[in-house]
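S.K.: Handing you this structure, nothing more for now.
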Amino acid sequence: MNQTKWLKFRIVNGLKSLGLILAMGAIMGLIAYVIAGPSMAIMMFIGVGIVYMVSPSIAPRLMMGFFRVRPLGVYDAPGVHRIVGELSRRAELKNPPELYLIPSDTLAAFATGTSDKSAVALSAGVLTRLSPEEVAGITAHEISHIRNNDMRSMWFVLFVGKLTEMLSLWGQVLLFISLPFILMSQVKVAVLPIMILIFAPLLSYAVQMTLSRVNEFNADLGSAELLGTPDPLISALAKIEYDRKGFWGYLFPRRAMRDESSLFRTHPPTEERIRRLKEIRPGKPAGLSLTM
(Lines give C-alpha, C1' and ligand atoms only; values in the text may rest on other atoms or scores of the structure.)
Protein backbone atom coordinates (compact mmCIF):
# COMPACT_ATOMS: atom_id res chain seq x y z
CA MET A 1 0.00 0.00 0.00
CA ASN A 2 1.19 3.52 -0.78
CA GLN A 3 2.02 4.60 2.77
CA THR A 4 2.86 8.19 1.81
CA LYS A 5 -0.54 8.93 0.30
CA TRP A 6 -2.29 6.94 3.03
CA LEU A 7 -0.58 9.06 5.71
CA LYS A 8 -1.36 12.26 3.83
CA PHE A 9 -5.05 11.38 3.62
CA ARG A 10 -5.13 10.43 7.33
CA ILE A 11 -3.57 13.73 8.41
CA VAL A 12 -5.84 15.82 6.16
CA ASN A 13 -8.96 13.95 7.29
CA GLY A 14 -7.94 14.23 10.94
CA LEU A 15 -7.50 17.99 10.64
CA LYS A 16 -10.86 18.23 8.87
CA SER A 17 -12.57 16.30 11.67
CA LEU A 18 -11.05 18.55 14.33
CA GLY A 19 -11.96 21.66 12.37
CA LEU A 20 -15.56 20.52 11.90
CA ILE A 21 -16.03 19.72 15.59
CA LEU A 22 -14.63 23.15 16.47
CA ALA A 23 -16.94 24.70 13.87
CA MET A 24 -19.93 23.04 15.56
CA GLY A 25 -18.85 24.56 18.88
CA ALA A 26 -18.29 27.96 17.26
CA ILE A 27 -21.79 28.00 15.75
CA MET A 28 -23.33 27.11 19.09
CA GLY A 29 -21.18 29.70 20.91
CA LEU A 30 -22.08 32.37 18.36
CA ILE A 31 -25.80 31.88 18.76
CA ALA A 32 -25.44 31.84 22.58
CA TYR A 33 -23.51 35.12 22.30
CA VAL A 34 -26.29 36.65 20.16
CA ILE A 35 -28.94 35.66 22.71
CA ALA A 36 -27.25 36.50 26.02
CA GLY A 37 -23.75 37.79 25.47
CA PRO A 38 -20.23 36.42 26.12
CA SER A 39 -20.98 34.97 29.57
CA MET A 40 -23.54 32.55 28.20
CA ALA A 41 -21.28 31.63 25.28
CA ILE A 42 -18.47 30.73 27.69
CA MET A 43 -20.86 28.72 29.88
CA MET A 44 -22.10 26.79 26.85
CA PHE A 45 -18.53 25.99 25.75
CA ILE A 46 -17.67 24.69 29.22
CA GLY A 47 -20.90 22.69 29.38
CA VAL A 48 -20.47 20.89 26.07
CA GLY A 49 -16.80 20.25 26.90
CA ILE A 50 -17.87 18.46 30.07
CA VAL A 51 -20.52 16.52 28.12
CA TYR A 52 -17.89 15.34 25.64
CA MET A 53 -15.57 14.17 28.40
CA VAL A 54 -18.14 12.30 30.49
CA SER A 55 -20.75 11.26 27.92
CA PRO A 56 -21.25 7.50 28.07
CA SER A 57 -21.64 5.58 24.85
CA ILE A 58 -24.92 3.81 24.18
CA ALA A 59 -24.65 0.12 25.06
CA PRO A 60 -24.11 -1.85 21.84
CA ARG A 61 -26.75 -4.45 22.74
CA LEU A 62 -29.30 -1.71 23.41
CA MET A 63 -28.48 -0.10 20.08
CA MET A 64 -28.72 -3.40 18.22
CA GLY A 65 -32.03 -4.15 19.95
CA PHE A 66 -33.38 -0.86 18.63
CA PHE A 67 -32.67 -1.99 15.06
CA ARG A 68 -34.16 -5.44 15.72
CA VAL A 69 -31.17 -7.42 14.57
CA ARG A 70 -30.25 -10.83 15.97
CA PRO A 71 -26.93 -12.15 17.27
CA LEU A 72 -24.72 -13.88 14.72
CA GLY A 73 -23.15 -16.81 16.57
CA VAL A 74 -19.81 -18.45 15.97
CA TYR A 75 -21.49 -21.57 14.60
CA ASP A 76 -23.62 -19.46 12.24
CA ALA A 77 -20.60 -17.81 10.57
CA PRO A 78 -17.28 -19.15 11.91
CA GLY A 79 -15.26 -17.59 9.08
CA VAL A 80 -16.66 -14.13 9.72
CA HIS A 81 -15.91 -14.44 13.43
CA ARG A 82 -12.35 -15.47 12.65
CA ILE A 83 -11.87 -12.50 10.31
CA VAL A 84 -13.36 -10.11 12.88
CA GLY A 85 -11.06 -11.50 15.56
CA GLU A 86 -7.97 -11.00 13.43
CA LEU A 87 -8.98 -7.51 12.29
CA SER A 88 -9.74 -6.54 15.90
CA ARG A 89 -6.27 -7.70 16.91
CA ARG A 90 -4.71 -5.62 14.15
CA ALA A 91 -6.82 -2.61 15.14
CA GLU A 92 -5.71 -3.13 18.77
CA LEU A 93 -9.27 -3.16 20.08
CA LYS A 94 -9.54 -4.27 23.70
CA ASN A 95 -12.31 -6.70 22.77
CA PRO A 96 -13.58 -7.95 19.41
CA PRO A 97 -17.01 -6.52 18.53
CA GLU A 98 -20.09 -8.68 18.96
CA LEU A 99 -21.58 -9.73 15.62
CA TYR A 100 -25.21 -9.28 14.64
CA LEU A 101 -27.23 -10.22 11.57
CA ILE A 102 -29.50 -7.75 9.77
CA PRO A 103 -32.29 -9.91 8.27
CA SER A 104 -32.25 -8.20 4.88
CA ASP A 105 -30.96 -9.06 1.43
CA THR A 106 -29.72 -5.49 0.91
CA LEU A 107 -26.00 -4.79 1.18
CA ALA A 108 -25.74 -2.98 4.51
CA ALA A 109 -23.55 -2.86 7.63
CA PHE A 110 -23.03 -0.59 10.62
CA ALA A 111 -21.09 -0.47 13.88
CA THR A 112 -21.57 1.00 17.33
CA GLY A 113 -19.67 1.23 20.61
CA THR A 114 -16.07 1.83 21.63
CA SER A 115 -12.91 -0.28 21.71
CA ASP A 116 -14.00 -1.61 25.11
CA LYS A 117 -17.47 -2.73 24.09
CA SER A 118 -18.69 -2.67 20.51
CA ALA A 119 -20.85 -4.43 17.96
CA VAL A 120 -20.94 -4.81 14.18
CA ALA A 121 -24.07 -5.69 12.24
CA LEU A 122 -23.88 -7.25 8.77
CA SER A 123 -26.86 -7.89 6.53
CA ALA A 124 -27.70 -11.31 5.15
CA GLY A 125 -27.05 -9.81 1.73
CA VAL A 126 -23.46 -8.94 2.68
CA LEU A 127 -22.80 -12.48 3.90
CA THR A 128 -24.39 -14.24 0.91
CA ARG A 129 -23.81 -11.91 -2.03
CA LEU A 130 -20.28 -10.67 -1.39
CA SER A 131 -17.05 -12.62 -1.61
CA PRO A 132 -15.04 -13.36 1.56
CA GLU A 133 -12.55 -10.66 0.56
CA GLU A 134 -15.33 -8.09 0.14
CA VAL A 135 -16.90 -9.08 3.49
CA ALA A 136 -13.47 -8.52 5.06
CA GLY A 137 -13.25 -5.10 3.41
CA ILE A 138 -16.66 -4.05 4.75
CA THR A 139 -15.93 -5.47 8.21
CA ALA A 140 -12.55 -3.72 8.37
CA HIS A 141 -14.31 -0.46 7.49
CA GLU A 142 -16.74 -0.89 10.41
CA ILE A 143 -13.97 -1.88 12.81
CA SER A 144 -12.11 1.27 11.77
CA HIS A 145 -15.14 3.31 12.80
CA ILE A 146 -14.88 1.69 16.25
CA ARG A 147 -11.12 2.26 16.49
CA ASN A 148 -11.52 5.91 15.45
CA ASN A 149 -14.21 6.43 18.11
CA ASP A 150 -16.49 7.84 15.41
CA MET A 151 -19.69 6.97 17.24
CA ARG A 152 -18.73 9.15 20.20
CA SER A 153 -17.85 12.13 18.04
CA MET A 154 -21.05 11.79 16.00
CA TRP A 155 -23.25 11.53 19.11
CA PHE A 156 -21.46 14.60 20.46
CA VAL A 157 -22.04 16.73 17.36
CA LEU A 158 -25.64 15.51 17.28
CA PHE A 159 -26.05 16.78 20.86
CA VAL A 160 -24.42 20.12 20.00
CA GLY A 161 -26.61 20.37 16.90
CA LYS A 162 -29.80 19.82 18.91
CA LEU A 163 -28.61 22.35 21.48
CA THR A 164 -27.97 24.87 18.72
CA GLU A 165 -31.45 24.22 17.36
CA MET A 166 -32.99 24.82 20.80
CA LEU A 167 -31.00 28.04 21.28
CA SER A 168 -32.09 29.25 17.86
CA LEU A 169 -35.73 28.57 18.63
CA TRP A 170 -35.39 30.29 22.00
CA GLY A 171 -33.79 33.33 20.38
CA GLN A 172 -36.50 33.55 17.72
CA VAL A 173 -39.23 33.39 20.37
CA LEU A 174 -37.55 36.17 22.36
CA LEU A 175 -37.25 38.23 19.19
CA PHE A 176 -40.92 37.69 18.37
CA ILE A 177 -41.98 38.72 21.90
CA SER A 178 -39.78 41.82 21.75
CA LEU A 179 -40.91 42.82 18.26
CA PRO A 180 -43.79 45.14 19.35
CA PHE A 181 -41.48 47.02 21.73
CA ILE A 182 -38.82 47.31 19.03
CA LEU A 183 -41.35 48.71 16.55
CA MET A 184 -42.78 51.20 19.07
CA SER A 185 -39.37 52.47 20.10
CA GLN A 186 -38.22 52.62 16.46
CA VAL A 187 -34.91 51.03 17.38
CA LYS A 188 -32.80 49.90 14.47
CA VAL A 189 -32.41 46.14 14.47
CA ALA A 190 -29.16 44.56 13.24
CA VAL A 191 -29.80 42.07 10.45
CA LEU A 192 -26.80 39.82 11.14
CA PRO A 193 -27.93 38.52 14.58
CA ILE A 194 -31.36 37.70 13.13
CA MET A 195 -29.76 35.82 10.23
CA ILE A 196 -27.64 33.88 12.74
CA LEU A 197 -30.73 32.91 14.74
CA ILE A 198 -32.49 31.67 11.60
CA PHE A 199 -29.71 29.89 9.75
CA ALA A 200 -27.48 28.55 12.56
CA PRO A 201 -29.34 25.21 12.85
CA LEU A 202 -29.12 24.65 9.09
CA LEU A 203 -25.40 25.44 9.08
CA SER A 204 -24.87 23.20 12.10
CA TYR A 205 -26.63 20.30 10.37
CA ALA A 206 -24.51 20.80 7.26
CA VAL A 207 -21.37 20.57 9.42
CA GLN A 208 -22.68 17.33 10.98
CA MET A 209 -23.15 15.76 7.54
CA THR A 210 -19.70 16.91 6.44
CA LEU A 211 -18.13 15.33 9.52
CA SER A 212 -19.99 12.11 8.78
CA ARG A 213 -18.51 12.06 5.28
CA VAL A 214 -14.99 12.71 6.61
CA ASN A 215 -15.43 9.82 9.06
CA GLU A 216 -16.39 7.56 6.17
CA PHE A 217 -13.22 8.50 4.29
CA ASN A 218 -11.19 7.79 7.42
CA ALA A 219 -12.83 4.38 7.88
CA ASP A 220 -12.09 3.56 4.22
CA LEU A 221 -8.41 4.30 4.84
CA GLY A 222 -8.56 2.21 8.00
CA SER A 223 -9.94 -0.75 6.05
CA ALA A 224 -7.07 -0.51 3.59
CA GLU A 225 -4.57 -0.29 6.45
CA LEU A 226 -5.96 -3.30 8.33
CA LEU A 227 -6.04 -5.49 5.21
CA GLY A 228 -2.86 -4.13 3.67
CA THR A 229 -4.70 -3.32 0.44
CA PRO A 230 -7.75 -1.24 -0.56
CA ASP A 231 -8.92 -3.75 -3.18
CA PRO A 232 -11.48 -5.70 -1.07
CA LEU A 233 -13.30 -2.52 -0.06
CA ILE A 234 -13.11 -1.08 -3.59
CA SER A 235 -14.81 -4.21 -4.95
CA ALA A 236 -17.43 -4.21 -2.18
CA LEU A 237 -18.25 -0.52 -2.66
CA ALA A 238 -18.71 -1.01 -6.40
CA LYS A 239 -21.22 -3.81 -5.76
CA ILE A 240 -23.03 -1.81 -3.07
CA GLU A 241 -23.32 1.17 -5.42
CA TYR A 242 -24.67 -0.98 -8.24
CA ASP A 243 -27.14 -2.54 -5.82
CA ARG A 244 -28.26 0.92 -4.67
CA LYS A 245 -28.69 2.39 -8.15
CA GLY A 246 -29.88 -0.72 -9.90
CA PHE A 247 -30.03 -1.22 -13.65
CA TRP A 248 -31.98 1.99 -14.37
CA GLY A 249 -29.55 4.07 -12.37
CA TYR A 250 -26.74 3.05 -14.66
CA LEU A 251 -28.88 3.39 -17.77
CA PHE A 252 -29.80 6.98 -16.76
CA PRO A 253 -26.79 8.17 -14.71
CA ARG A 254 -27.90 11.83 -14.59
CA ARG A 255 -31.04 10.87 -12.70
CA ALA A 256 -29.10 8.62 -10.30
CA MET A 257 -26.58 11.40 -9.59
CA ARG A 258 -29.13 14.02 -8.51
CA ASP A 259 -28.50 13.40 -4.83
CA GLU A 260 -24.75 12.78 -5.14
CA SER A 261 -23.74 16.42 -4.68
CA SER A 262 -26.21 17.11 -1.88
CA LEU A 263 -24.76 19.01 1.05
CA PHE A 264 -26.72 16.81 3.43
CA ARG A 265 -25.49 13.35 2.40
CA THR A 266 -24.21 11.27 5.31
CA HIS A 267 -21.86 9.33 3.02
CA PRO A 268 -19.51 10.64 0.34
CA PRO A 269 -20.21 9.71 -3.29
CA THR A 270 -19.07 6.12 -3.85
CA GLU A 271 -17.10 7.13 -6.95
CA GLU A 272 -15.05 9.54 -4.84
CA ARG A 273 -14.44 6.91 -2.16
CA ILE A 274 -13.23 4.41 -4.74
CA ARG A 275 -11.03 7.03 -6.43
CA ARG A 276 -9.29 7.86 -3.15
CA LEU A 277 -8.80 4.21 -2.32
CA LYS A 278 -7.25 3.56 -5.71
CA GLU A 279 -4.75 6.35 -5.07
CA ILE A 280 -3.16 4.40 -2.23
CA ARG A 281 -2.42 1.39 -4.44
CA PRO A 282 -0.37 -0.68 -5.12
CA GLY A 283 -0.63 -2.96 -2.14
CA LYS A 284 -0.16 -6.53 -1.07
CA PRO A 285 -2.55 -8.33 1.26
CA ALA A 286 -1.29 -8.41 4.85
CA GLY A 287 -1.48 -12.17 5.12
CA LEU A 288 -5.08 -12.57 6.33
CA SER A 289 -6.70 -15.71 5.03
CA LEU A 290 -10.15 -14.67 3.85
CA THR A 291 -11.87 -18.00 3.40
CA MET A 292 -15.19 -18.29 5.20
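All residue names refer to the C-alpha coordinates as shown: chains lettered A, B, ... in order, residues numbered from 1 in each chain, ligands numbered from 1 in order.
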Can you pull out the residues contacting range 29-32 of chain A? Cut-off 7 Å, using only C-alpha atoms, and skip same-chain residues under 6 positions away; I want them as a ChimeraX atom specification.

M.R.: /A:40-41,44-45,167-168,196-197

S.K.: Please, which residues of range 35-264 of chain A, numbered as in this document, come out helix (DSSP H, G or I) from DSSP, as number ranges by chain?

M.R.: A: 35-36, 38-54, 60-66, 78-90, 124-129, 132-147, 150-185, 191-227, 231-251, 253-256

S.K.: If you take only C-alpha atoms and a cut-off of 12 Å, which residues of range 34-119 of chain A touch range 12-21 of chain A, and what are their nearest atom pairs and distances in Å to one decimal, in chain and number order, as JSON lines?

M.R.:
{"residue": "A:Val48", "atom": "CA", "partner": "A:Ile21", "partner_atom": "CA", "distance": 11.4}
{"residue": "A:Gly49", "atom": "CA", "partner": "A:Ile21", "partner_atom": "CA", "distance": 11.3}
{"residue": "A:Tyr52", "atom": "CA", "partner": "A:Ile21", "partner_atom": "CA", "distance": 11.1}

S.K.: Could you write out the selected residues, including all heavy atoms, as a PDB file, in the first residue's frame?

M.R.:
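The result, stored in again.pdb:
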ATOM      1  N   VAL A  48     -20.592  21.931  27.091  1.00  0.00           N
ATOM      2  CA  VAL A  48     -20.469  20.889  26.067  1.00  0.00           C
ATOM      3  C   VAL A  48     -19.111  20.182  26.178  1.00  0.00           C
ATOM      4  O   VAL A  48     -18.987  19.005  25.829  1.00  0.00           O
ATOM      5  CB  VAL A  48     -20.676  21.458  24.647  1.00  0.00           C
ATOM      6  CG1 VAL A  48     -22.077  22.004  24.485  1.00  0.00           C
ATOM      7  CG2 VAL A  48     -19.641  22.515  24.308  1.00  0.00           C
ATOM      8  N   GLY A  49     -18.091  20.898  26.667  1.00  0.00           N
ATOM      9  CA  GLY A  49     -16.804  20.251  26.904  1.00  0.00           C
ATOM     10  C   GLY A  49     -16.909  19.156  27.949  1.00  0.00           C
ATOM     11  O   GLY A  49     -16.366  18.060  27.793  1.00  0.00           O
ATOM     12  N   TYR A  52     -18.741  16.174  26.491  1.00  0.00           N
ATOM     13  CA  TYR A  52     -17.892  15.343  25.641  1.00  0.00           C
ATOM     14  C   TYR A  52     -16.987  14.438  26.469  1.00  0.00           C
ATOM     15  O   TYR A  52     -16.740  13.286  26.105  1.00  0.00           O
ATOM     16  CB  TYR A  52     -17.035  16.225  24.732  1.00  0.00           C
ATOM     17  CG  TYR A  52     -16.166  15.425  23.787  1.00  0.00           C
ATOM     18  CD1 TYR A  52     -16.699  14.861  22.642  1.00  0.00           C
ATOM     19  CD2 TYR A  52     -14.803  15.226  24.056  1.00  0.00           C
ATOM     20  CE1 TYR A  52     -15.908  14.127  21.780  1.00  0.00           C
ATOM     21  CE2 TYR A  52     -14.010  14.495  23.198  1.00  0.00           C
ATOM     22  CZ  TYR A  52     -14.575  13.939  22.061  1.00  0.00           C
ATOM     23  OH  TYR A  52     -13.787  13.201  21.217  1.00  0.00           O
TER      24      TYR A  52
END

S.K.: Which one is closest to Thr106 in chain A: A:Met209, A:Leu277, A:Glu241, A:Ala23? Count only C-alpha atoms.

M.R.: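 Between A:Met209, A:Leu277, A:Glu241, A:Ala23, the residue approaching Thr106 in chain A most closely is A:Glu241.
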
S.K.: List the neighbours of Thr139 in chain A out to 9 Å using only C-alpha atoms; skip same-chain residues closer than 6 positions along the sequence, and give me the result as JSON, numbers by chain.

M.R.: {"A": [80, 83, 84, 87, 109, 110, 120, 122, 223]}

S.K.: Pick the closest to Leu107 in chain A from A:Met184, A:Leu93, A:Leu127, A:Val157: which is it, counting only C-alpha atoms?

M.R.: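 Nearest candidate to Leu107 in chain A out of A:Met184, A:Leu93, A:Leu127, A:Val157: A:Leu127.
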